[in-house]
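Novice: A single structure is presented below for examination.
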Amino acid sequence: MHRRQMLLNMLLASAAFALPLGASATQIRNARLWRTDDKLRLVFDLSGPVQYKTFTLSAPERLIIDLSGAQLTGNFSQLALANTPIKSIRSGHFGLGNTRIVLDLNAHVQLSSFLLGPEGAQGHRLVVDLGNAALVPMQVAVTAAAAHVESSTAPRDKAHPKRDIMVVVDPGHGGKDPGAIGSKGQREKDVVLSIAQLLAKRLKREKGFDVRLVRNDDFFVPLRKRVDIAHKYNADMFISVHADAAPRLTASGASVYALSEGGATSATARYMAQRENGVDLIGATSLLNLKDKDPMLAGVILDMSMNATIASSLELGNTVLGSLADITSLHQKRVEQAGFAVLKSPDVPSILVETGFISNARDSQRLVTARHQQAVADGLFDGLQRYFKRNPPTDSYMAWQQAPDQSLA
């Protein structure tokens, strides 16, 4: 289960006392199925928003979809499953008012899933995509995997039954927003894109990790969209990379920031947050799908979730800061806090890393060199890897690898 879904489920249980009496369950009304060239898409039509989790089981292959507070009112008998990776679909109740849907599969699949809100004539929907190797017969898939050993996903999927840790890397600024400008015209948006790309490449090489870049080129992404991207990919961690300007040209060194719901921990932290936020602020309430909840309950859940996430972000930030200390000088030896809009995800540990100040002549000179960019990327990777070794998501490869008996995982 992804950390975000686990956290929300725990918070809902903790705050259950505030649920209004007689609250009705979301209905799973219908299911639709169709194929494209590269995937099989299964869509569940819902009467309202829902919380869900997915996981896979092997021997035999199954995909499990658990929907909290949901009731099945339709059926799946009309779905044409012939010549698809799905052998059959079963469902049943578990817990208090929850529904479990089980897809019996012909072979291992590459899974992605997401929720859609009402749009036009369509209501709430849960979309499940089964992709790539799942769309060809098992014998062909095996042959293809043997013939194309350079595939980065097939060996990993067959090596272990657990999911990869998802890291979303956000190169700050971009496009119409160049960020800070150095004395010789160095642009922050170019420096941080290079560092972020190097970090992404390092994560891709490490078994048990997956990564998405908020931008992989020179274009602008609004702050709210950056947080939305982390949610879209069910991120276990969000890291925003910067190389800002400071009020004083003598200010130098790297620093790490986490969110503060109160005041900033220093004048520099407050200055940085104001500089980054501009007018593009976000509200965190909508990110936990709490629109259907009693307002008091929604407030309780949001506060609990934000406090837990900030605590995890501070631990993550301290670990990353320790790794950067081996690479470069530090501006602050502690994780600073301020109200950065890009860190306002209530359920994903999020940090903003200032890799140095492009306004400082020495920092700027180093930040534009390929050697230093690679060293910073390696330091960031080392820090986040050490954090996840101490705090592996329960359904991840890293947790499975650390289990005393992996055969029982």
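Going by the structure tokens order, chains are called A, B, ..., each with residues numbered from 1, while ligands are numbered from 1 in the order shown.
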I'd like the contact shell of Leu324 (chain A) - 12 Å cut-off, only C-alpha atoms, skipping same-chain residues fewer than 6 positions apart - returned as a JSON list (two decimals) with C-alpha atoms, in the first residue's frame.
Specialist:
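Generated file (around-v9.json):
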```
[["chain", "number", "residue", "atom", "x", "y", "z"],
["A", 253, "GLY", "CA", 26.34, 26.85, 1.01],
["A", 254, "ALA", "CA", 23.55, 24.32, 0.73],
["A", 255, "SER", "CA", 20.43, 24.21, 2.87],
["A", 256, "VAL", "CA", 17.32, 22.07, 3.25],
["A", 317, "GLY", "CA", 15.65, 16.65, 5.44],
["A", 318, "ASN", "CA", 18.13, 15.98, 8.23],
["A", 330, "LEU", "CA", 26.26, 24.22, 4.46],
["A", 331, "HIS", "CA", 24.45, 27.52, 4.88],
["A", 332, "GLN", "CA", 22.56, 26.11, 7.87],
["A", 333, "LYS", "CA", 23.38, 22.94, 9.82],
["A", 334, "ARG", "CA", 19.74, 22.27, 10.62],
["A", 353, "VAL", "CA", 16.92, 21.69, -1.26],
["A", 354, "GLU", "CA", 18.93, 24.82, -1.98],
["A", 355, "THR", "CA", 22.02, 23.31, -3.56],
["A", 356, "GLY", "CA", 23.84, 26.63, -3.13],
["A", 372, "HIS", "CA", 29.85, 19.46, -8.88],
["A", 373, "GLN", "CA", 26.35, 18.86, -10.25],
["A", 375, "ALA", "CA", 28.42, 15.27, -6.72],
["A", 376, "VAL", "CA", 25.32, 17.09, -5.48],
["A", 377, "ALA", "CA", 23.02, 14.59, -7.22],
["A", 378, "ASP", "CA", 24.94, 11.70, -5.63],
["A", 379, "GLY", "CA", 24.68, 13.37, -2.23],
["A", 380, "LEU", "CA", 20.92, 13.80, -2.60],
["A", 381, "PHE", "CA", 20.57, 10.16, -3.61],
["A", 382, "ASP", "CA", 22.65, 8.96, -0.69],
["A", 383, "GLY", "CA", 20.52, 10.94, 1.75],
["A", 384, "LEU", "CA", 17.16, 9.75, 0.50]]
```
Novice: Env of region 167-174 of chain A: 8 Å cut, atoms = only C-alpha atoms, seq-sep filter 6 positions within chain, self excluded. Answer as a PyMOL selection string.
Specialist: chain A and resi 188-190+192-193+196+200+209-215+217-221+226+229-230+233+235-242
Novice: Hey, can you check how far CA of Gly208 (chain A) sits from CA of Tyr387 (chain A)?
Specialist: 13.8 Å
Novice: Using only C-alpha atoms, can you tell me which of A:Met166, A:Ile28, A:Ala246, A:Ala338 comes closest to Ser47 (chain A)?
Specialist: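 Between A:Met166, A:Ile28, A:Ala246, A:Ala338, the residue approaching Ser47 (chain A) most closely is A:Ile28.
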Novice: With only C-alpha atoms as the counted atoms, please give the residues lying no more than 7 Å from Leu79 (chain A), apart from itself and same-chain residues fewer than 2 positions off, as a PyMOL selection string.
Specialist: chain A and resi 32-33+76-77+81
Novice: Go through A:Leu249, A:Leu352, A:Leu343, A:Val43 one by one, measure the shortest atom-to-atom distance of each to Gln122 (chain A) using only C-alpha atoms, and give the residue with the smallest value.
Specialist: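 Among the listed residues, A:Val43 lies closest to Gln122 (chain A).
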